[in-house]
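Participant: Pasting in a structure now, in structure tokens, and then I'll have a few things to ask.
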Amino acid sequence: MEDSTPVSGSFDKSRVMNVRPLRCLVPIFGSASAPNFPSFPNPQGGAPFVCVSPSGPFPPGAASFYPFFATPEPQRPPVPNRNAPISNAVPITSFRTPQTQYAGDENGETGSSRRVTRSRALSRHQSGDVQEDGQYSSSFSMHDSDDTGKAGRSKSSSRSQRRTRARQDINIASTEIDIDSVIENLLASSNIAAFDMIRRAEADKESVGCLLMIYDFIRRKINQIEESKDAVPGVTRRPDLRAGAILMNKGIRTNIKKRVGAVPGVEVGDCFFFRMELCLIGLHAPCMAGIDYMGLKVSQSEEPLAVSIVSSGGYEDDNMEDGGVLIYSGQGGNHFRKDKEVMDQKLERGNLALEKSLHRGNEIRVIRGFKDFANPTGKVYVYDGLYKIQESWVDKGKSGRNVFKYKLVRLPGQPEAFLTWKLIQQWKDGVNSRVGVILPDLTSGAESAPVSLVNDVDDEKGPAYFTYFPGLKNEKPVDPIEPCTGCNCVGGCLPGSNCSCIKKNEGYLPYNANSVLVNQKSLLYECGPSCQCPSNCRNRISQSGLRVRLEVFKTKDRGWGLRSWDPLRAGAFICEYAGEVIASDKLEELGSENEDDYIFDATRTYPLFELPGDSNEAPKIPHPLIISAKNAGNVGRFMNHSCSPNVSWQPILRENKNESDLHVTFHAVRHIPPMTELTYDYGAVPPEKADQRKKKCLCGSVKCKGYFY
């Protein structure tokens with residue numbers, strides 16, 4: 001049994017997380033046979049022993065034992081086993097927690113207002129015990145009953161909880177049916193067949209990117225559906241785990257075989273926002289444990305060999321300061337737990353694997369975790385490349401107990417990852433100065449966050465003069481095409497509310513709690529001037545200015561470009577395309593190539609991203625929208641073209657009864673690491689105009705067409 005024996009009293013038997021078969025039955029020897037109990041002679045001589053049912057009644061000198069000490073409760077109807085382990089790295093899809101606790105997404109997205117006690121909801125497997133981030137091992141199961149975990153509760157409280165659980169089961173069942181049917185339809189519409197056995201065994205960059213995009217969309221969609229329903233007390237909403245379980249169940253994963261060294265399709269510097277992402281792409285198999293290892297056959301035995309670790313500074317002595325050296329604390333000993341006795345760590349499981357890797361000198365993948373700047377309760381992970389263990393020792397922790405320490409040194413010749421993140425933080429804190437800065441704030445305070453102008457390539461002092469303007473200038477407003485009254489959500493639009501703007505978006509808020517677009521639409525409706533909701537309403541994301549720290553920089557061969565100091569989540573809002581709205585006939589008058597460089601033409605044909613749930617229709621533009629940013633505009637004018645873009649554009653119509661308030665916004669297609677250039681596809685023009693506007697493309701993508709318009 002994992003837990004220590006509780007005191008007598010009412011007890012929820014669902015707490016038994018890891019039941020192992022009994023090797024033997026130890027009889028209870030009494031001084032004499034008890035009446036009404038069957039007795040048998042002791043073969044070793046002496047008093048006979050008595051056979052007693054685990055649930056009693058008990059003769060003198062015998063007592064109940066864990067977990068049968070509680071008063072037997074009437075058996076409930078059997079619950080279908082939806083919780084059978086799927087693989088050695090599959091998380092639970094949901095689990096319940098005490099009503100005094102908090103439960104939410106790993107990265108802080110909406111869940112119930114309860115806290116999850118994972119120590120009793122998770123069973124340990126393989127790497128077992130507490131790991132980095134206070135997380136647990138890779139394999140665990142879901143339990144349908146409440147994990148109260150408290151002995152001595154009154155029977156009336158237990159009955160009340162059972163009634164509550166019955167109501168929860170009904171609510172959850174309806175929620176699961178809705179979500180499951182939606183996800184099935186979404187997966188059926190995507191190119192899941194691409195993940196055949198070959199790609200499952202070994203991926204390429206495209207397969208890894210596609211898998212992560214599908215996972216993150218499913219996670220966002222589950223979160224969107226769940227938060228639109230009434231919260232169920234004590235029910236954890238973990239869309240990150242549930243989305244992973246769905247894909248695992250269907251075999252939609254890659255790099256399934258553990259390996260030493262680099263993982264195909266994963267590059268140094270790639271960033272992730274959920275541990276389940278690491279698991280799905282084979283970078284780090286346990287979705288909870290901090291140490292991943294594999295078995296290595298040696299002679300007639302097998303010994304563990306570490307293949308990857310996740311370090312988030314969870315242990316007291318983890319060294320996260322040096323970009324090339326990591327001091328990593330071992331696992332176990334309850335050093336990260338406050339509800340259990342702290343003990344000396346043991347040389348077993350992950351610790352033993354690290355020790356074996358020290359002697360064998362094999363490469364170990366290192367994933368470093370940071371606090372997410374956009375979400376204080378969440379984390380972002382960066383793959384920092386390959387390390388080797390240089391030495392190990394045992395040290396005394398703050399608790400006075402022994403802790404294993406391992407010194408890992410980064411192999412030379414790899415692209416910078418952690419060091420880049422560290423340097424950016426120094427720029428933000430003013431500890432270090434950004435090299436090549438021409439202007440610390442290109443916007444002159446027009447945006448909520450400064451935008452640096454940087455050139456560390458040549459001597460050019462900046463782009464041609466223009467006026468920074470963060471919105472649209474429209475000299476000839478267009479009358480609204482459809483009636484517009486605006487919503488009456490005085491306190492802000494909420495998921496599941498009777499909001500008129502939400503109804504126009506198919507009944508859901510288009511953004512999640514982290515201001516991330518759930519999926520692309522042919523046309524998205526935002527609240528606007530005609531609405532009564534405040535400026536910080538969740539349906540006004542594009543109207544609050546820049547949310548990330550951007551930088552306009554000089555590229556080597558494509559003029560000026562745009563990139564972010566901050567990591568961007570898939571779906572994150574970047575900016576809108578600002579400037580002067582011009583008529584289509586005026587576009588024909590612009591003959592200069594320089595004019596075309598700052599034109600956004602929403603009437604062009606743009607490629608659609610083949611993601612589940614994204615609209616397969618072309619953008620529904622209520623009227624032609626052409627924006628010129630030559631004389632006035634914002635950072636959007638500096639975004640270059642790419643045939644493999646990491647940014648997409650979204651048409652947005654804001655509620656305005658006086659005019660058609662149409663805008664164009666940009667959102668991240670996938671997770672984008674810091675200092676990565678932001679690009680989108682400029683689209684195609686009609687065939688009769690193709691020769692006039694075709695230019696040579698220098699995007700460098702493997703899918704480059706060689707030209708763009």
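Note on naming: chains are A, B, ... as they come in the structure tokens, residues start from 1 per chain, ligands start from 1 in the order shown.
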Just want the 10 Å neighbourhood of Asn362 (chain A), counted on only C-alpha atoms, with same-chain residues fewer than 2 positions away dropped. Output as a VMD selection string.

Facilitator: chain A and resid 260 to 261 305 to 307 354 356 to 360 364 386 to 389

Participant: Export N, CA, C and O atoms of the chosen residues as an mmCIF file, in the first residue's frame?

Facilitator:
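Output contents, as saved in out_6.cif:
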```
data_model
loop_
_atom_site.group_PDB
_atom_site.id
_atom_site.type_symbol
_atom_site.label_atom_id
_atom_site.label_comp_id
_atom_site.auth_asym_id
_atom_site.auth_seq_id
_atom_site.Cartn_x
_atom_site.Cartn_y
_atom_site.Cartn_z
ATOM 1 N N VAL A 260 18.658 7.065 -26.806
ATOM 2 C CA VAL A 260 19.685 7.946 -26.254
ATOM 3 C C VAL A 260 20.047 8.970 -27.309
ATOM 4 O O VAL A 260 20.183 8.646 -28.489
ATOM 5 N N GLY A 261 20.192 10.233 -26.909
ATOM 6 C CA GLY A 261 20.610 11.270 -27.848
ATOM 7 C C GLY A 261 19.443 12.066 -28.397
ATOM 8 O O GLY A 261 18.361 12.134 -27.804
ATOM 9 N N LEU A 305 19.282 3.250 -17.770
ATOM 10 C CA LEU A 305 20.148 4.262 -18.366
ATOM 11 C C LEU A 305 19.300 5.510 -18.596
ATOM 12 O O LEU A 305 18.268 5.461 -19.267
ATOM 13 N N ALA A 306 19.713 6.643 -18.036
ATOM 14 C CA ALA A 306 18.944 7.886 -18.170
ATOM 15 C C ALA A 306 19.018 8.400 -19.606
ATOM 16 O O ALA A 306 20.076 8.372 -20.233
ATOM 17 N N VAL A 307 17.887 8.881 -20.118
ATOM 18 C CA VAL A 307 17.858 9.428 -21.475
ATOM 19 C C VAL A 307 17.460 10.898 -21.491
ATOM 20 O O VAL A 307 17.820 11.633 -22.420
ATOM 21 N N LEU A 354 20.715 7.699 -13.514
ATOM 22 C CA LEU A 354 21.673 8.794 -13.676
ATOM 23 C C LEU A 354 23.083 8.353 -13.275
ATOM 24 O O LEU A 354 24.072 8.729 -13.919
ATOM 25 N N LYS A 356 24.281 5.303 -13.458
ATOM 26 C CA LYS A 356 24.776 4.426 -14.527
ATOM 27 C C LYS A 356 25.201 5.243 -15.742
ATOM 28 O O LYS A 356 26.192 4.924 -16.415
ATOM 29 N N SER A 357 24.460 6.309 -16.037
ATOM 30 C CA SER A 357 24.806 7.157 -17.179
ATOM 31 C C SER A 357 26.108 7.906 -16.936
ATOM 32 O O SER A 357 26.846 8.203 -17.885
ATOM 33 N N LEU A 358 26.401 8.232 -15.677
ATOM 34 C CA LEU A 358 27.678 8.853 -15.350
ATOM 35 C C LEU A 358 28.834 7.929 -15.740
ATOM 36 O O LEU A 358 29.810 8.377 -16.363
ATOM 37 N N HIS A 359 28.723 6.668 -15.416
ATOM 38 C CA HIS A 359 29.806 5.722 -15.696
ATOM 39 C C HIS A 359 29.877 5.353 -17.179
ATOM 40 O O HIS A 359 30.966 5.115 -17.703
ATOM 41 N N ARG A 360 28.740 5.325 -17.853
ATOM 42 C CA ARG A 360 28.742 4.969 -19.275
ATOM 43 C C ARG A 360 28.997 6.174 -20.170
ATOM 44 O O ARG A 360 29.340 6.021 -21.333
ATOM 45 N N ILE A 364 22.449 12.880 -22.477
ATOM 46 C CA ILE A 364 21.155 13.020 -21.816
ATOM 47 C C ILE A 364 20.494 14.301 -22.305
ATOM 48 O O ILE A 364 21.103 15.370 -22.296
ATOM 49 N N LEU A 386 21.757 18.441 -25.619
ATOM 50 C CA LEU A 386 22.368 17.252 -25.024
ATOM 51 C C LEU A 386 23.433 17.622 -23.996
ATOM 52 O O LEU A 386 24.235 18.525 -24.217
ATOM 53 N N TYR A 387 23.402 16.920 -22.892
ATOM 54 C CA TYR A 387 24.364 17.086 -21.801
ATOM 55 C C TYR A 387 24.986 15.725 -21.483
ATOM 56 O O TYR A 387 24.480 14.680 -21.901
ATOM 57 N N LYS A 388 26.059 15.763 -20.704
ATOM 58 C CA LYS A 388 26.642 14.554 -20.118
ATOM 59 C C LYS A 388 26.886 14.794 -18.629
ATOM 60 O O LYS A 388 27.225 15.909 -18.220
ATOM 61 N N ILE A 389 26.695 13.739 -17.842
ATOM 62 C CA ILE A 389 26.938 13.846 -16.404
ATOM 63 C C ILE A 389 28.439 13.789 -16.154
ATOM 64 O O ILE A 389 29.117 12.855 -16.575
#
```

Participant: Looking only at the backbone, which of the residues in region 257-498 of chain A does DSSP tag as alpha helix (DSSP H), as an mmCIF file with all heavy atoms, in the first residue's frame?

Facilitator:
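part18.cif, freshly written:
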```cif
data_model
loop_
_atom_site.group_PDB
_atom_site.id
_atom_site.type_symbol
_atom_site.label_atom_id
_atom_site.label_comp_id
_atom_site.auth_asym_id
_atom_site.auth_seq_id
_atom_site.Cartn_x
_atom_site.Cartn_y
_atom_site.Cartn_z
ATOM 1 N N ARG A 275 3.680 19.444 -20.284
ATOM 2 C CA ARG A 275 4.515 18.257 -20.194
ATOM 3 C C ARG A 275 4.021 17.152 -21.131
ATOM 4 O O ARG A 275 4.799 16.349 -21.632
ATOM 5 C CB ARG A 275 4.540 17.750 -18.746
ATOM 6 C CG ARG A 275 5.341 18.618 -17.780
ATOM 7 C CD ARG A 275 6.832 18.417 -17.965
ATOM 8 N NE ARG A 275 7.233 17.067 -17.656
ATOM 9 C CZ ARG A 275 7.646 16.650 -16.468
ATOM 10 N NH1 ARG A 275 7.697 17.502 -15.460
ATOM 11 N NH2 ARG A 275 8.021 15.411 -16.283
ATOM 12 N N MET A 276 2.724 17.112 -21.352
ATOM 13 C CA MET A 276 2.179 16.088 -22.239
ATOM 14 C C MET A 276 2.722 16.232 -23.659
ATOM 15 O O MET A 276 2.849 15.243 -24.389
ATOM 16 C CB MET A 276 0.649 16.167 -22.234
ATOM 17 C CG MET A 276 -0.040 15.154 -23.145
ATOM 18 S SD MET A 276 0.508 13.450 -22.932
ATOM 19 C CE MET A 276 -0.073 13.134 -21.293
ATOM 20 N N GLU A 277 3.072 17.428 -24.064
ATOM 21 C CA GLU A 277 3.647 17.621 -25.395
ATOM 22 C C GLU A 277 4.980 16.886 -25.513
ATOM 23 O O GLU A 277 5.278 16.287 -26.554
ATOM 24 C CB GLU A 277 3.829 19.113 -25.681
ATOM 25 C CG GLU A 277 2.518 19.883 -25.777
ATOM 26 C CD GLU A 277 2.712 21.382 -25.907
ATOM 27 O OE1 GLU A 277 3.540 21.948 -25.176
ATOM 28 O OE2 GLU A 277 2.029 21.988 -26.746
ATOM 29 N N LEU A 278 5.788 16.951 -24.456
ATOM 30 C CA LEU A 278 7.071 16.248 -24.462
ATOM 31 C C LEU A 278 6.860 14.751 -24.617
ATOM 32 O O LEU A 278 7.627 14.058 -25.288
ATOM 33 C CB LEU A 278 7.830 16.526 -23.160
ATOM 34 C CG LEU A 278 7.988 17.984 -22.718
ATOM 35 C CD1 LEU A 278 8.738 18.049 -21.389
ATOM 36 C CD2 LEU A 278 8.709 18.799 -23.768
ATOM 37 N N CYS A 279 5.821 14.259 -23.986
ATOM 38 C CA CYS A 279 5.511 12.830 -24.024
ATOM 39 C C CYS A 279 5.067 12.397 -25.418
ATOM 40 O O CYS A 279 5.525 11.370 -25.937
ATOM 41 C CB CYS A 279 4.427 12.529 -22.994
ATOM 42 S SG CYS A 279 3.757 10.869 -23.048
ATOM 43 N N LEU A 280 4.184 13.162 -26.042
ATOM 44 C CA LEU A 280 3.620 12.782 -27.341
ATOM 45 C C LEU A 280 4.672 12.714 -28.442
ATOM 46 O O LEU A 280 4.568 11.901 -29.360
ATOM 47 C CB LEU A 280 2.518 13.770 -27.742
ATOM 48 C CG LEU A 280 1.197 13.666 -26.976
ATOM 49 C CD1 LEU A 280 0.305 14.852 -27.296
ATOM 50 C CD2 LEU A 280 0.484 12.361 -27.305
ATOM 51 N N ARG A 349 15.752 3.512 -9.178
ATOM 52 C CA ARG A 349 14.988 4.082 -10.276
ATOM 53 C C ARG A 349 15.773 5.181 -11.005
ATOM 54 O O ARG A 349 16.854 4.952 -11.498
ATOM 55 C CB ARG A 349 13.638 4.592 -9.770
ATOM 56 C CG ARG A 349 12.781 3.502 -9.141
ATOM 57 C CD ARG A 349 11.363 3.958 -8.889
ATOM 58 N NE ARG A 349 11.283 5.082 -7.981
ATOM 59 C CZ ARG A 349 11.241 4.967 -6.665
ATOM 60 N NH1 ARG A 349 11.298 3.775 -6.101
ATOM 61 N NH2 ARG A 349 11.143 6.040 -5.903
ATOM 62 N N GLY A 350 15.223 6.410 -11.051
ATOM 63 C CA GLY A 350 15.871 7.476 -11.804
ATOM 64 C C GLY A 350 17.250 7.828 -11.292
ATOM 65 O O GLY A 350 18.162 8.129 -12.076
ATOM 66 N N ASN A 351 17.441 7.807 -9.975
ATOM 67 C CA ASN A 351 18.758 8.103 -9.408
ATOM 68 C C ASN A 351 19.796 7.083 -9.858
ATOM 69 O O ASN A 351 20.927 7.430 -10.204
ATOM 70 C CB ASN A 351 18.682 8.124 -7.879
ATOM 71 C CG ASN A 351 17.777 9.223 -7.360
ATOM 72 O OD1 ASN A 351 17.522 10.202 -8.059
ATOM 73 N ND2 ASN A 351 17.274 9.064 -6.148
ATOM 74 N N LEU A 352 19.391 5.814 -9.838
ATOM 75 C CA LEU A 352 20.302 4.763 -10.281
ATOM 76 C C LEU A 352 20.612 4.909 -11.769
ATOM 77 O O LEU A 352 21.754 4.704 -12.202
ATOM 78 C CB LEU A 352 19.683 3.391 -10.001
ATOM 79 C CG LEU A 352 20.511 2.177 -10.407
ATOM 80 C CD1 LEU A 352 21.862 2.174 -9.694
ATOM 81 C CD2 LEU A 352 19.744 0.885 -10.122
ATOM 82 N N ALA A 353 19.597 5.299 -12.555
ATOM 83 C CA ALA A 353 19.807 5.489 -13.996
ATOM 84 C C ALA A 353 20.810 6.608 -14.257
ATOM 85 O O ALA A 353 21.673 6.494 -15.140
ATOM 86 C CB ALA A 353 18.475 5.794 -14.679
ATOM 87 N N LEU A 354 20.715 7.699 -13.514
ATOM 88 C CA LEU A 354 21.673 8.794 -13.676
ATOM 89 C C LEU A 354 23.083 8.353 -13.275
ATOM 90 O O LEU A 354 24.072 8.729 -13.919
ATOM 91 C CB LEU A 354 21.243 10.000 -12.839
ATOM 92 C CG LEU A 354 19.992 10.752 -13.325
ATOM 93 C CD1 LEU A 354 19.576 11.815 -12.309
ATOM 94 C CD2 LEU A 354 20.223 11.394 -14.685
ATOM 95 N N GLU A 355 23.171 7.550 -12.230
ATOM 96 C CA GLU A 355 24.477 7.062 -11.794
ATOM 97 C C GLU A 355 25.093 6.153 -12.855
ATOM 98 O O GLU A 355 26.294 6.231 -13.151
ATOM 99 C CB GLU A 355 24.330 6.309 -10.467
ATOM 100 C CG GLU A 355 25.645 6.021 -9.771
ATOM 101 C CD GLU A 355 26.333 7.265 -9.249
ATOM 102 O OE1 GLU A 355 25.631 8.263 -8.957
ATOM 103 O OE2 GLU A 355 27.580 7.250 -9.146
ATOM 104 N N LYS A 356 24.281 5.303 -13.458
ATOM 105 C CA LYS A 356 24.776 4.426 -14.527
ATOM 106 C C LYS A 356 25.201 5.243 -15.742
ATOM 107 O O LYS A 356 26.192 4.924 -16.415
ATOM 108 C CB LYS A 356 23.686 3.428 -14.921
ATOM 109 C CG LYS A 356 23.317 2.422 -13.830
ATOM 110 C CD LYS A 356 24.461 1.468 -13.537
ATOM 111 C CE LYS A 356 24.047 0.398 -12.530
ATOM 112 N NZ LYS A 356 25.161 -0.539 -12.217
ATOM 113 N N SER A 357 24.460 6.309 -16.037
ATOM 114 C CA SER A 357 24.806 7.157 -17.179
ATOM 115 C C SER A 357 26.108 7.906 -16.936
ATOM 116 O O SER A 357 26.846 8.203 -17.885
ATOM 117 C CB SER A 357 23.675 8.159 -17.458
ATOM 118 O OG SER A 357 22.519 7.494 -17.922
ATOM 119 N N LEU A 358 26.401 8.232 -15.677
ATOM 120 C CA LEU A 358 27.678 8.853 -15.350
ATOM 121 C C LEU A 358 28.834 7.929 -15.740
ATOM 122 O O LEU A 358 29.810 8.377 -16.363
ATOM 123 C CB LEU A 358 27.737 9.164 -13.855
ATOM 124 C CG LEU A 358 29.114 9.522 -13.271
ATOM 125 C CD1 LEU A 358 29.657 10.799 -13.907
ATOM 126 C CD2 LEU A 358 29.030 9.682 -11.757
ATOM 127 N N HIS A 359 28.723 6.668 -15.416
ATOM 128 C CA HIS A 359 29.806 5.722 -15.696
ATOM 129 C C HIS A 359 29.877 5.353 -17.179
ATOM 130 O O HIS A 359 30.966 5.115 -17.703
ATOM 131 C CB HIS A 359 29.630 4.472 -14.836
ATOM 132 C CG HIS A 359 29.721 4.743 -13.366
ATOM 133 N ND1 HIS A 359 30.880 5.183 -12.752
ATOM 134 C CD2 HIS A 359 28.786 4.671 -12.372
ATOM 135 C CE1 HIS A 359 30.672 5.356 -11.462
ATOM 136 N NE2 HIS A 359 29.395 5.052 -11.204
ATOM 137 N N ARG A 360 28.740 5.325 -17.853
ATOM 138 C CA ARG A 360 28.742 4.969 -19.275
ATOM 139 C C ARG A 360 28.997 6.174 -20.170
ATOM 140 O O ARG A 360 29.340 6.021 -21.333
ATOM 141 C CB ARG A 360 27.420 4.305 -19.655
ATOM 142 C CG ARG A 360 27.270 2.918 -19.030
ATOM 143 C CD ARG A 360 26.151 2.133 -19.679
ATOM 144 N NE ARG A 360 26.179 0.754 -19.203
ATOM 145 C CZ ARG A 360 26.900 -0.218 -19.756
ATOM 146 N NH1 ARG A 360 27.646 0.051 -20.812
ATOM 147 N NH2 ARG A 360 26.871 -1.444 -19.270
ATOM 148 N N PHE A 418 18.704 27.843 -23.601
ATOM 149 C CA PHE A 418 18.536 28.407 -22.264
ATOM 150 C C PHE A 418 19.282 29.731 -22.120
ATOM 151 O O PHE A 418 18.780 30.675 -21.508
ATOM 152 C CB PHE A 418 19.027 27.405 -21.221
ATOM 153 C CG PHE A 418 19.118 27.965 -19.830
ATOM 154 C CD1 PHE A 418 17.974 28.205 -19.086
ATOM 155 C CD2 PHE A 418 20.347 28.272 -19.263
ATOM 156 C CE1 PHE A 418 18.048 28.728 -17.801
ATOM 157 C CE2 PHE A 418 20.431 28.791 -17.982
ATOM 158 C CZ PHE A 418 19.272 29.021 -17.252
ATOM 159 N N LEU A 419 20.466 29.814 -22.696
ATOM 160 C CA LEU A 419 21.261 31.034 -22.588
ATOM 161 C C LEU A 419 20.542 32.212 -23.233
ATOM 162 O O LEU A 419 20.609 33.344 -22.745
ATOM 163 C CB LEU A 419 22.632 30.824 -23.235
ATOM 164 C CG LEU A 419 23.713 31.856 -22.878
ATOM 165 C CD1 LEU A 419 23.978 31.863 -21.389
ATOM 166 C CD2 LEU A 419 24.993 31.570 -23.648
ATOM 167 N N THR A 420 19.836 31.965 -24.329
ATOM 168 C CA THR A 420 19.072 33.023 -24.986
ATOM 169 C C THR A 420 17.953 33.522 -24.086
ATOM 170 O O THR A 420 17.731 34.735 -23.952
ATOM 171 C CB THR A 420 18.493 32.513 -26.316
ATOM 172 O OG1 THR A 420 19.562 32.118 -27.186
ATOM 173 C CG2 THR A 420 17.655 33.577 -26.999
ATOM 174 N N TRP A 421 17.234 32.597 -23.460
ATOM 175 C CA TRP A 421 16.160 32.978 -22.550
ATOM 176 C C TRP A 421 16.716 33.804 -21.389
ATOM 177 O O TRP A 421 16.111 34.795 -20.963
ATOM 178 C CB TRP A 421 15.455 31.730 -22.012
ATOM 179 C CG TRP A 421 14.677 30.969 -23.032
ATOM 180 C CD1 TRP A 421 15.143 30.423 -24.188
ATOM 181 C CD2 TRP A 421 13.284 30.661 -23.001
ATOM 182 N NE1 TRP A 421 14.140 29.790 -24.868
ATOM 183 C CE2 TRP A 421 12.986 29.914 -24.161
ATOM 184 C CE3 TRP A 421 12.272 30.926 -22.090
ATOM 185 C CZ2 TRP A 421 11.709 29.451 -24.435
ATOM 186 C CZ3 TRP A 421 10.985 30.452 -22.358
ATOM 187 C CH2 TRP A 421 10.713 29.723 -23.525
ATOM 188 N N LYS A 422 17.837 33.369 -20.876
ATOM 189 C CA LYS A 422 18.450 34.075 -19.753
ATOM 190 C C LYS A 422 18.867 35.487 -20.160
ATOM 191 O O LYS A 422 18.674 36.456 -19.415
ATOM 192 C CB LYS A 422 19.658 33.276 -19.268
ATOM 193 C CG LYS A 422 20.406 33.904 -18.107
ATOM 194 C CD LYS A 422 21.627 33.076 -17.743
ATOM 195 C CE LYS A 422 22.455 33.756 -16.675
ATOM 196 N NZ LYS A 422 23.688 32.987 -16.355
ATOM 197 N N LEU A 423 19.428 35.628 -21.372
ATOM 198 C CA LEU A 423 19.869 36.928 -21.860
ATOM 199 C C LEU A 423 18.694 37.875 -22.052
ATOM 200 O O LEU A 423 18.771 39.072 -21.719
ATOM 201 C CB LEU A 423 20.628 36.742 -23.177
ATOM 202 C CG LEU A 423 21.356 37.960 -23.735
ATOM 203 C CD1 LEU A 423 22.407 38.462 -22.755
ATOM 204 C CD2 LEU A 423 22.003 37.618 -25.081
ATOM 205 N N ILE A 424 17.590 37.358 -22.578
ATOM 206 C CA ILE A 424 16.398 38.186 -22.772
ATOM 207 C C ILE A 424 15.886 38.717 -21.439
ATOM 208 O O ILE A 424 15.487 39.882 -21.332
ATOM 209 C CB ILE A 424 15.298 37.375 -23.497
ATOM 210 C CG1 ILE A 424 15.724 37.092 -24.945
ATOM 211 C CG2 ILE A 424 13.973 38.121 -23.473
ATOM 212 C CD1 ILE A 424 14.784 36.159 -25.680
ATOM 213 N N GLN A 425 15.902 37.867 -20.423
ATOM 214 C CA GLN A 425 15.448 38.309 -19.113
ATOM 215 C C GLN A 425 16.342 39.423 -18.572
ATOM 216 O O GLN A 425 15.864 40.362 -17.919
ATOM 217 C CB GLN A 425 15.429 37.125 -18.143
ATOM 218 C CG GLN A 425 14.741 37.420 -16.822
ATOM 219 C CD GLN A 425 13.300 37.863 -17.008
ATOM 220 O OE1 GLN A 425 12.522 37.206 -17.702
ATOM 221 N NE2 GLN A 425 12.940 38.993 -16.413
ATOM 222 N N GLN A 426 17.620 39.339 -18.868
ATOM 223 C CA GLN A 426 18.538 40.398 -18.449
ATOM 224 C C GLN A 426 18.240 41.702 -19.180
ATOM 225 O O GLN A 426 18.348 42.789 -18.603
ATOM 226 C CB GLN A 426 19.980 39.961 -18.695
ATOM 227 C CG GLN A 426 20.455 38.837 -17.791
ATOM 228 C CD GLN A 426 21.856 38.367 -18.129
ATOM 229 O OE1 GLN A 426 22.421 38.720 -19.163
ATOM 230 N NE2 GLN A 426 22.428 37.551 -17.249
ATOM 231 N N TRP A 427 17.846 41.615 -20.449
ATOM 232 C CA TRP A 427 17.449 42.816 -21.180
ATOM 233 C C TRP A 427 16.228 43.459 -20.521
ATOM 234 O O TRP A 427 16.164 44.675 -20.340
ATOM 235 C CB TRP A 427 17.107 42.492 -22.628
ATOM 236 C CG TRP A 427 18.245 41.954 -23.432
ATOM 237 C CD1 TRP A 427 19.572 42.018 -23.133
ATOM 238 C CD2 TRP A 427 18.149 41.259 -24.678
ATOM 239 N NE1 TRP A 427 20.313 41.413 -24.109
ATOM 240 C CE2 TRP A 427 19.470 40.939 -25.075
ATOM 241 C CE3 TRP A 427 17.104 40.876 -25.497
ATOM 242 C CZ2 TRP A 427 19.747 40.249 -26.250
ATOM 243 C CZ3 TRP A 427 17.370 40.191 -26.678
ATOM 244 C CH2 TRP A 427 18.685 39.893 -27.038
ATOM 245 N N LYS A 428 15.249 42.630 -20.175
ATOM 246 C CA LYS A 428 14.028 43.151 -19.562
ATOM 247 C C LYS A 428 14.306 43.779 -18.207
ATOM 248 O O LYS A 428 13.709 44.806 -17.860
ATOM 249 C CB LYS A 428 13.003 42.019 -19.403
ATOM 250 C CG LYS A 428 12.443 41.489 -20.711
ATOM 251 C CD LYS A 428 11.431 40.391 -20.435
ATOM 252 C CE LYS A 428 10.817 39.873 -21.705
ATOM 253 N NZ LYS A 428 9.819 38.801 -21.451
ATOM 254 N N ASP A 429 15.199 43.152 -17.450
ATOM 255 C CA ASP A 429 15.510 43.647 -16.105
ATOM 256 C C ASP A 429 16.488 44.810 -16.117
ATOM 257 O O ASP A 429 16.756 45.413 -15.076
ATOM 258 C CB ASP A 429 16.086 42.510 -15.246
ATOM 259 C CG ASP A 429 15.093 41.387 -15.037
ATOM 260 O OD1 ASP A 429 13.880 41.622 -15.203
ATOM 261 O OD2 ASP A 429 15.526 40.255 -14.728
#
```

Participant: At a cut-off of 8 Å, can you tabulate as CSV every residue of region 481-544 of chain A near region 572-587 of chain A together with its closest atom pair and the distance in Å to one decimal, using only C-alpha atoms and ordering rows by chain then number?

Facilitator:
```
residue,atom,partner,partner_atom,distance
A:Ser515,CA,A:Ala572,CA,6.8
A:Val516,CA,A:Ala572,CA,4.6
A:Leu517,CA,A:Ala572,CA,6.3
A:Ile541,CA,A:Phe573,CA,7.6
A:Ser542,CA,A:Phe573,CA,7.0
```

Participant: Nearest residue to Tyr293 (chain A) out of A:Glu363, A:Asp395, A:Glu460, A:Glu551, using only C-alpha atoms?

Facilitator: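 Selected residue with least distance to Tyr293 (chain A): A:Glu363.
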
Participant: Compare A:Ile621, A:Leu241, A:Ile222, A:Ala289 by their minimum atom-to-atom distance to His663 (chain A), counting only C-alpha atoms, and give me the closest one.

Facilitator: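 Result for the nearest residue to His663 (chain A): A:Ile621.
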
Participant: Which is closest to Glu655 (chain A) among A:Leu524, A:Gly683, A:Lys556, A:Cys484, if we use only C-alpha atoms?

Facilitator: A:Cys484

Participant: Leaving out Pro440 (chain A) and any residue of its chain fewer than 2 positions from it, which residues lie within 7 Å of it when counting only C-alpha atoms, given as JSON, numbers by chain?

Facilitator: {"A": [437, 438, 442, 451, 452, 453]}

Participant: Identify all residues of region 395-634 of chain A in strand (DSSP E or B) (DSSP on the backbone) and supply them as a ChimeraX atom specification.

Facilitator: /A:395-396,402-410,437-439,452-454,467-468,472-473,511,516-517,524-526,550-554,560-564,568,572-576,579-582,599-601,605,626-628,632-633
